[in-house]
Amino acid sequence: MEWTRDLATGVELIDSQHKELIDRINRLFAACSAGRGKEEVGKTLSFLGDYVVFHFRAEEREMAASQYPELPSHKARHDRFVQDFLALKGRFEAEGPTPELVVRANQLLVNWLIQHIRNVDKRMAAYLQRRTPR
Ligand SMILES: [Fe+2]
């Protein structure tokens, strides 16, 4: 997965965190395709999961600070993603990186993130920039 200009929200903090997220997602898939076992892949998943939570909280802080009206629905999307992520992580821990799980991880992580950034995060960022020009 690659960060491209069309994923730019224009808010530097958020864009740099999205790049870090993509980096950690790529490390997960690198571990999977290198044939790493459950334990190694589990570590890359934890490393990614920590950053997901850190990043979502950062966005939510920004939204709260500028009284963004869509904060509750945006946060609900984050929470739902974290639940799905934890379910996926649980399956990886139980089954290891099977081809089916890698496909599922790709759908959840890559597809979700791209859609979320393009729609939900860009809308948020446009509002943040109107409130606090940077
Ligand atoms: Fe978001």
# chains A, B, ... in the order shown; residues from 1 in each chain; ligands from 1
call {"tool": "residues_around", "arguments": {"residues": "Ser66 (chain A)", "least_positions_apart": "4", "cutoff": "9 Å", "atoms": "only C-alpha atoms", "output": "ChimeraX atom specification"}}
result
/A:61-62,127-128,131-132
call {"tool": "residues_near_ligand", "arguments": {"ligand": "ligand 1", "cutoff": "10 Å", "atoms": "only C-alpha atoms and all ligand atoms", "output": "list in words"}}
result
Ile14, His18, Val52, His55, Phe56, Arg57, Ala58, Glu59, Glu60, Met63, Leu71, His74, Lys75, Ala76, Arg77, His78, Leu113, His116, Ile117, Arg118, Asn119, Val120, Asp121, Lys122, Arg123, Met124 and Ala125 of chain A
call {"tool": "write_last_selection", "arguments": {"atoms": "N, CA and C atoms", "output": "short mmCIF file (atom, residue, chain, number, x, y, z; two decimals), in the first residue's frame"}}
result
data_model
loop_
_atom_site.label_atom_id
_atom_site.label_comp_id
_atom_site.auth_asym_id
_atom_site.auth_seq_id
_atom_site.Cartn_x
_atom_site.Cartn_y
_atom_site.Cartn_z
N ILE A 14 -2.15 14.93 10.52
CA ILE A 14 -2.95 13.76 10.12
C ILE A 14 -2.30 13.04 8.95
N HIS A 18 -1.05 9.20 8.86
CA HIS A 18 -1.54 8.23 7.87
C HIS A 18 -0.37 7.52 7.19
N VAL A 52 -2.82 2.47 15.48
CA VAL A 52 -4.21 2.75 15.08
C VAL A 52 -4.92 3.51 16.21
N HIS A 55 -3.49 7.00 16.72
CA HIS A 55 -3.89 7.90 15.63
C HIS A 55 -5.36 8.31 15.74
N PHE A 56 -6.24 7.35 16.03
CA PHE A 56 -7.66 7.68 16.15
C PHE A 56 -7.88 8.68 17.29
N ARG A 57 -7.20 8.44 18.41
CA ARG A 57 -7.36 9.37 19.54
C ARG A 57 -6.89 10.78 19.16
N ALA A 58 -5.81 10.85 18.38
CA ALA A 58 -5.29 12.16 17.95
C ALA A 58 -6.33 12.88 17.08
N GLU A 59 -6.92 12.16 16.14
CA GLU A 59 -7.96 12.77 15.30
C GLU A 59 -9.14 13.22 16.15
N GLU A 60 -9.53 12.37 17.08
CA GLU A 60 -10.70 12.69 17.91
C GLU A 60 -10.43 13.92 18.80
N MET A 63 -10.83 16.91 16.56
CA MET A 63 -12.25 17.16 16.28
C MET A 63 -12.93 17.79 17.49
N LEU A 71 -18.15 14.60 14.99
CA LEU A 71 -17.29 13.80 15.87
C LEU A 71 -17.93 12.48 16.30
N HIS A 74 -17.97 9.99 13.42
CA HIS A 74 -16.61 9.67 13.01
C HIS A 74 -15.96 8.73 14.04
N LYS A 75 -16.17 9.08 15.31
CA LYS A 75 -15.61 8.24 16.37
C LYS A 75 -16.22 6.84 16.36
N ALA A 76 -17.52 6.77 16.04
CA ALA A 76 -18.17 5.46 15.98
C ALA A 76 -17.53 4.59 14.89
N ARG A 77 -17.14 5.21 13.78
CA ARG A 77 -16.46 4.45 12.71
C ARG A 77 -15.12 3.94 13.21
N HIS A 78 -14.39 4.80 13.93
CA HIS A 78 -13.10 4.37 14.50
C HIS A 78 -13.30 3.18 15.44
N LEU A 113 -9.14 1.71 5.12
CA LEU A 113 -8.36 2.92 5.34
C LEU A 113 -8.45 3.89 4.17
N HIS A 116 -11.87 5.42 4.16
CA HIS A 116 -12.03 6.29 5.33
C HIS A 116 -11.27 7.62 5.13
N ILE A 117 -10.06 7.53 4.65
CA ILE A 117 -9.27 8.75 4.44
C ILE A 117 -9.93 9.61 3.36
N ARG A 118 -10.28 8.96 2.24
CA ARG A 118 -10.83 9.73 1.11
C ARG A 118 -12.11 10.45 1.46
N ASN A 119 -12.96 9.81 2.24
CA ASN A 119 -14.26 10.40 2.51
C ASN A 119 -14.31 11.08 3.88
N VAL A 120 -14.18 10.27 4.91
CA VAL A 120 -14.45 10.74 6.26
C VAL A 120 -13.34 11.69 6.78
N ASP A 121 -12.10 11.30 6.58
CA ASP A 121 -11.01 12.14 7.10
C ASP A 121 -10.85 13.44 6.31
N LYS A 122 -11.05 13.36 5.00
CA LYS A 122 -10.93 14.59 4.20
C LYS A 122 -11.99 15.60 4.58
N ARG A 123 -13.21 15.11 4.86
CA ARG A 123 -14.29 16.01 5.26
C ARG A 123 -13.94 16.66 6.61
N MET A 124 -13.42 15.84 7.52
CA MET A 124 -13.00 16.36 8.82
C MET A 124 -11.89 17.40 8.65
N ALA A 125 -10.90 17.07 7.82
CA ALA A 125 -9.75 17.96 7.66
C ALA A 125 -10.16 19.29 7.05
#
call {"tool": "residues_around", "arguments": {"residues": "Phe92 (chain A)", "least_positions_apart": "4", "cutoff": "12 Å", "atoms": "only C-alpha atoms", "output": "PDB file with N, CA and C atoms, in the first residue's frame"}}
result
ATOM      1  N   LEU A  28       3.218  -5.442   8.275  1.00  0.00           N
ATOM      2  CA  LEU A  28       2.412  -6.632   8.554  1.00  0.00           C
ATOM      3  C   LEU A  28       2.388  -7.552   7.334  1.00  0.00           C
ATOM      4  N   CYS A  32       3.816 -11.352   6.632  1.00  0.00           N
ATOM      5  CA  CYS A  32       2.973 -12.445   6.126  1.00  0.00           C
ATOM      6  C   CYS A  32       3.589 -13.067   4.889  1.00  0.00           C
ATOM      7  N   ARG A  36       6.552 -15.538   7.762  1.00  0.00           N
ATOM      8  CA  ARG A  36       6.790 -15.493   9.208  1.00  0.00           C
ATOM      9  C   ARG A  36       5.662 -16.211   9.945  1.00  0.00           C
ATOM     10  N   GLY A  37       6.007 -16.754  11.063  1.00  0.00           N
ATOM     11  CA  GLY A  37       5.024 -17.525  11.836  1.00  0.00           C
ATOM     12  C   GLY A  37       4.073 -16.636  12.606  1.00  0.00           C
ATOM     13  N   LYS A  38       3.175 -17.304  13.316  1.00  0.00           N
ATOM     14  CA  LYS A  38       2.167 -16.640  14.135  1.00  0.00           C
ATOM     15  C   LYS A  38       2.737 -15.564  15.035  1.00  0.00           C
ATOM     16  N   GLU A  39       3.837 -15.921  15.698  1.00  0.00           N
ATOM     17  CA  GLU A  39       4.336 -15.028  16.734  1.00  0.00           C
ATOM     18  C   GLU A  39       4.868 -13.723  16.138  1.00  0.00           C
ATOM     19  N   GLU A  40       5.660 -13.853  15.072  1.00  0.00           N
ATOM     20  CA  GLU A  40       6.224 -12.675  14.401  1.00  0.00           C
ATOM     21  C   GLU A  40       5.121 -11.806  13.800  1.00  0.00           C
ATOM     22  N   VAL A  41       4.169 -12.457  13.148  1.00  0.00           N
ATOM     23  CA  VAL A  41       3.069 -11.709  12.547  1.00  0.00           C
ATOM     24  C   VAL A  41       2.244 -11.043  13.653  1.00  0.00           C
ATOM     25  N   GLY A  42       2.072 -11.752  14.758  1.00  0.00           N
ATOM     26  CA  GLY A  42       1.356 -11.193  15.908  1.00  0.00           C
ATOM     27  C   GLY A  42       2.011  -9.915  16.408  1.00  0.00           C
ATOM     28  N   LYS A  43       3.334  -9.894  16.401  1.00  0.00           N
ATOM     29  CA  LYS A  43       4.049  -8.687  16.848  1.00  0.00           C
ATOM     30  C   LYS A  43       3.792  -7.510  15.923  1.00  0.00           C
ATOM     31  N   THR A  44       3.802  -7.775  14.608  1.00  0.00           N
ATOM     32  CA  THR A  44       3.556  -6.670  13.667  1.00  0.00           C
ATOM     33  C   THR A  44       2.106  -6.185  13.786  1.00  0.00           C
ATOM     34  N   LEU A  45       1.199  -7.101  14.125  1.00  0.00           N
ATOM     35  CA  LEU A  45      -0.201  -6.704  14.324  1.00  0.00           C
ATOM     36  C   LEU A  45      -0.365  -5.837  15.569  1.00  0.00           C
ATOM     37  N   SER A  46       0.353  -6.185  16.629  1.00  0.00           N
ATOM     38  CA  SER A  46       0.275  -5.376  17.854  1.00  0.00           C
ATOM     39  C   SER A  46       0.864  -3.990  17.618  1.00  0.00           C
ATOM     40  N   PHE A  85     -10.713  -4.944  13.933  1.00  0.00           N
ATOM     41  CA  PHE A  85      -9.275  -5.207  13.958  1.00  0.00           C
ATOM     42  C   PHE A  85      -8.937  -6.229  15.048  1.00  0.00           C
ATOM     43  N   LEU A  86      -9.525  -6.049  16.229  1.00  0.00           N
ATOM     44  CA  LEU A  86      -9.236  -6.968  17.331  1.00  0.00           C
ATOM     45  C   LEU A  86      -9.739  -8.379  17.030  1.00  0.00           C
ATOM     46  N   ALA A  87     -10.882  -8.464  16.341  1.00  0.00           N
ATOM     47  CA  ALA A  87     -11.394  -9.781  15.957  1.00  0.00           C
ATOM     48  C   ALA A  87     -10.424 -10.450  14.978  1.00  0.00           C
ATOM     49  N   LEU A  88      -9.925  -9.662  14.046  1.00  0.00           N
ATOM     50  CA  LEU A  88      -8.975 -10.185  13.064  1.00  0.00           C
ATOM     51  C   LEU A  88      -7.677 -10.624  13.752  1.00  0.00           C
ATOM     52  N   GLY A  96      -2.717 -18.234  12.691  1.00  0.00           N
ATOM     53  CA  GLY A  96      -1.530 -17.842  11.934  1.00  0.00           C
ATOM     54  C   GLY A  96      -1.953 -17.190  10.630  1.00  0.00           C
ATOM     55  N   PRO A  97      -0.962 -16.704   9.862  1.00  0.00           N
ATOM     56  CA  PRO A  97      -1.291 -15.956   8.631  1.00  0.00           C
ATOM     57  C   PRO A  97      -1.686 -16.869   7.465  1.00  0.00           C
ATOM     58  N   THR A  98      -2.878 -17.431   7.531  1.00  0.00           N
ATOM     59  CA  THR A  98      -3.365 -18.251   6.411  1.00  0.00           C
ATOM     60  C   THR A  98      -3.696 -17.343   5.226  1.00  0.00           C
ATOM     61  N   PRO A  99      -3.679 -17.879   4.005  1.00  0.00           N
ATOM     62  CA  PRO A  99      -3.995 -17.040   2.831  1.00  0.00           C
ATOM     63  C   PRO A  99      -5.350 -16.349   2.970  1.00  0.00           C
ATOM     64  N   GLU A 100      -6.317 -17.058   3.501  1.00  0.00           N
ATOM     65  CA  GLU A 100      -7.658 -16.466   3.655  1.00  0.00           C
ATOM     66  C   GLU A 100      -7.623 -15.265   4.602  1.00  0.00           C
ATOM     67  N   LEU A 101      -6.865 -15.413   5.677  1.00  0.00           N
ATOM     68  CA  LEU A 101      -6.789 -14.308   6.644  1.00  0.00           C
ATOM     69  C   LEU A 101      -6.032 -13.115   6.084  1.00  0.00           C
ATOM     70  N   VAL A 102      -5.029 -13.388   5.263  1.00  0.00           N
ATOM     71  CA  VAL A 102      -4.274 -12.291   4.662  1.00  0.00           C
ATOM     72  C   VAL A 102      -5.176 -11.494   3.714  1.00  0.00           C
ATOM     73  N   VAL A 103      -6.014 -12.202   2.975  1.00  0.00           N
ATOM     74  CA  VAL A 103      -6.975 -11.526   2.096  1.00  0.00           C
ATOM     75  C   VAL A 103      -7.950 -10.686   2.923  1.00  0.00           C
ATOM     76  N   ARG A 104      -8.434 -11.281   3.980  1.00  0.00           N
ATOM     77  CA  ARG A 104      -9.371 -10.586   4.877  1.00  0.00           C
ATOM     78  C   ARG A 104      -8.706  -9.338   5.484  1.00  0.00           C
ATOM     79  N   ALA A 105      -7.440  -9.479   5.874  1.00  0.00           N
ATOM     80  CA  ALA A 105      -6.698  -8.358   6.460  1.00  0.00           C
ATOM     81  C   ALA A 105      -6.542  -7.248   5.426  1.00  0.00           C
TER      82      ALA A 105
END
call {"tool": "atom_distance", "arguments": {"atom1": "CA of Gln83 (chain A)", "atom2": "CA of Asn26 (chain A)"}}
result
20.5 Å
call {"tool": "select_by_dssp", "arguments": {"residues": "region 29-86 of chain A", "states": "helix (DSSP H, G or I)", "output": "short mmCIF file (atom, residue, chain, number, x, y, z; two decimals) with C-alpha atoms, in the first residue's frame"}}
result
data_model
loop_
_atom_site.label_atom_id
_atom_site.label_comp_id
_atom_site.auth_asym_id
_atom_site.auth_seq_id
_atom_site.Cartn_x
_atom_site.Cartn_y
_atom_site.Cartn_z
CA PHE A 29 1.99 -7.81 4.97
CA ALA A 30 5.75 -8.09 4.55
CA ALA A 31 5.85 -10.41 7.57
CA CYS A 32 2.97 -12.45 6.13
CA SER A 33 4.50 -12.80 2.69
CA LYS A 38 2.17 -16.64 14.14
CA GLU A 39 4.34 -15.03 16.73
CA GLU A 40 6.22 -12.68 14.40
CA VAL A 41 3.07 -11.71 12.55
CA GLY A 42 1.36 -11.19 15.91
CA LYS A 43 4.05 -8.69 16.85
CA THR A 44 3.56 -6.67 13.67
CA LEU A 45 -0.20 -6.70 14.32
CA SER A 46 0.28 -5.38 17.85
CA PHE A 47 2.66 -2.72 16.56
CA LEU A 48 0.01 -1.67 14.03
CA GLY A 49 -2.85 -1.86 16.54
CA ASP A 50 -1.05 0.44 18.99
CA TYR A 51 -0.62 3.04 16.30
CA VAL A 52 -4.21 2.75 15.08
CA VAL A 53 -5.47 3.61 18.56
CA PHE A 54 -2.95 6.42 19.01
CA HIS A 55 -3.89 7.90 15.63
CA PHE A 56 -7.66 7.68 16.15
CA ARG A 57 -7.36 9.37 19.54
CA ALA A 58 -5.29 12.16 17.95
CA GLU A 59 -7.96 12.77 15.30
CA GLU A 60 -10.70 12.69 17.91
CA ARG A 61 -8.82 15.25 20.03
CA GLU A 62 -8.56 17.56 17.02
CA MET A 63 -12.25 17.16 16.28
CA ALA A 64 -13.21 17.83 19.90
CA ALA A 65 -10.97 20.89 20.06
CA LEU A 71 -17.29 13.80 15.87
CA PRO A 72 -19.74 11.20 17.26
CA SER A 73 -20.29 9.44 13.94
CA HIS A 74 -16.61 9.67 13.01
CA LYS A 75 -15.61 8.24 16.37
CA ALA A 76 -18.17 5.46 15.98
CA ARG A 77 -16.46 4.45 12.71
CA HIS A 78 -13.10 4.37 14.50
CA ASP A 79 -14.52 2.26 17.32
CA ARG A 80 -16.10 -0.16 14.88
CA PHE A 81 -12.81 -0.51 13.04
CA VAL A 82 -10.94 -1.23 16.27
CA GLN A 83 -13.47 -3.97 17.09
CA ASP A 84 -13.03 -5.54 13.66
CA PHE A 85 -9.27 -5.21 13.96
CA LEU A 86 -9.24 -6.97 17.33
#
call {"tool": "closest_residue", "arguments": {"among": "A:Ala126, A:Ile114, A:Gly90, A:Arg24", "to": "Arg5 (chain A)", "atoms": "only C-alpha atoms"}}
result
A:Ile114
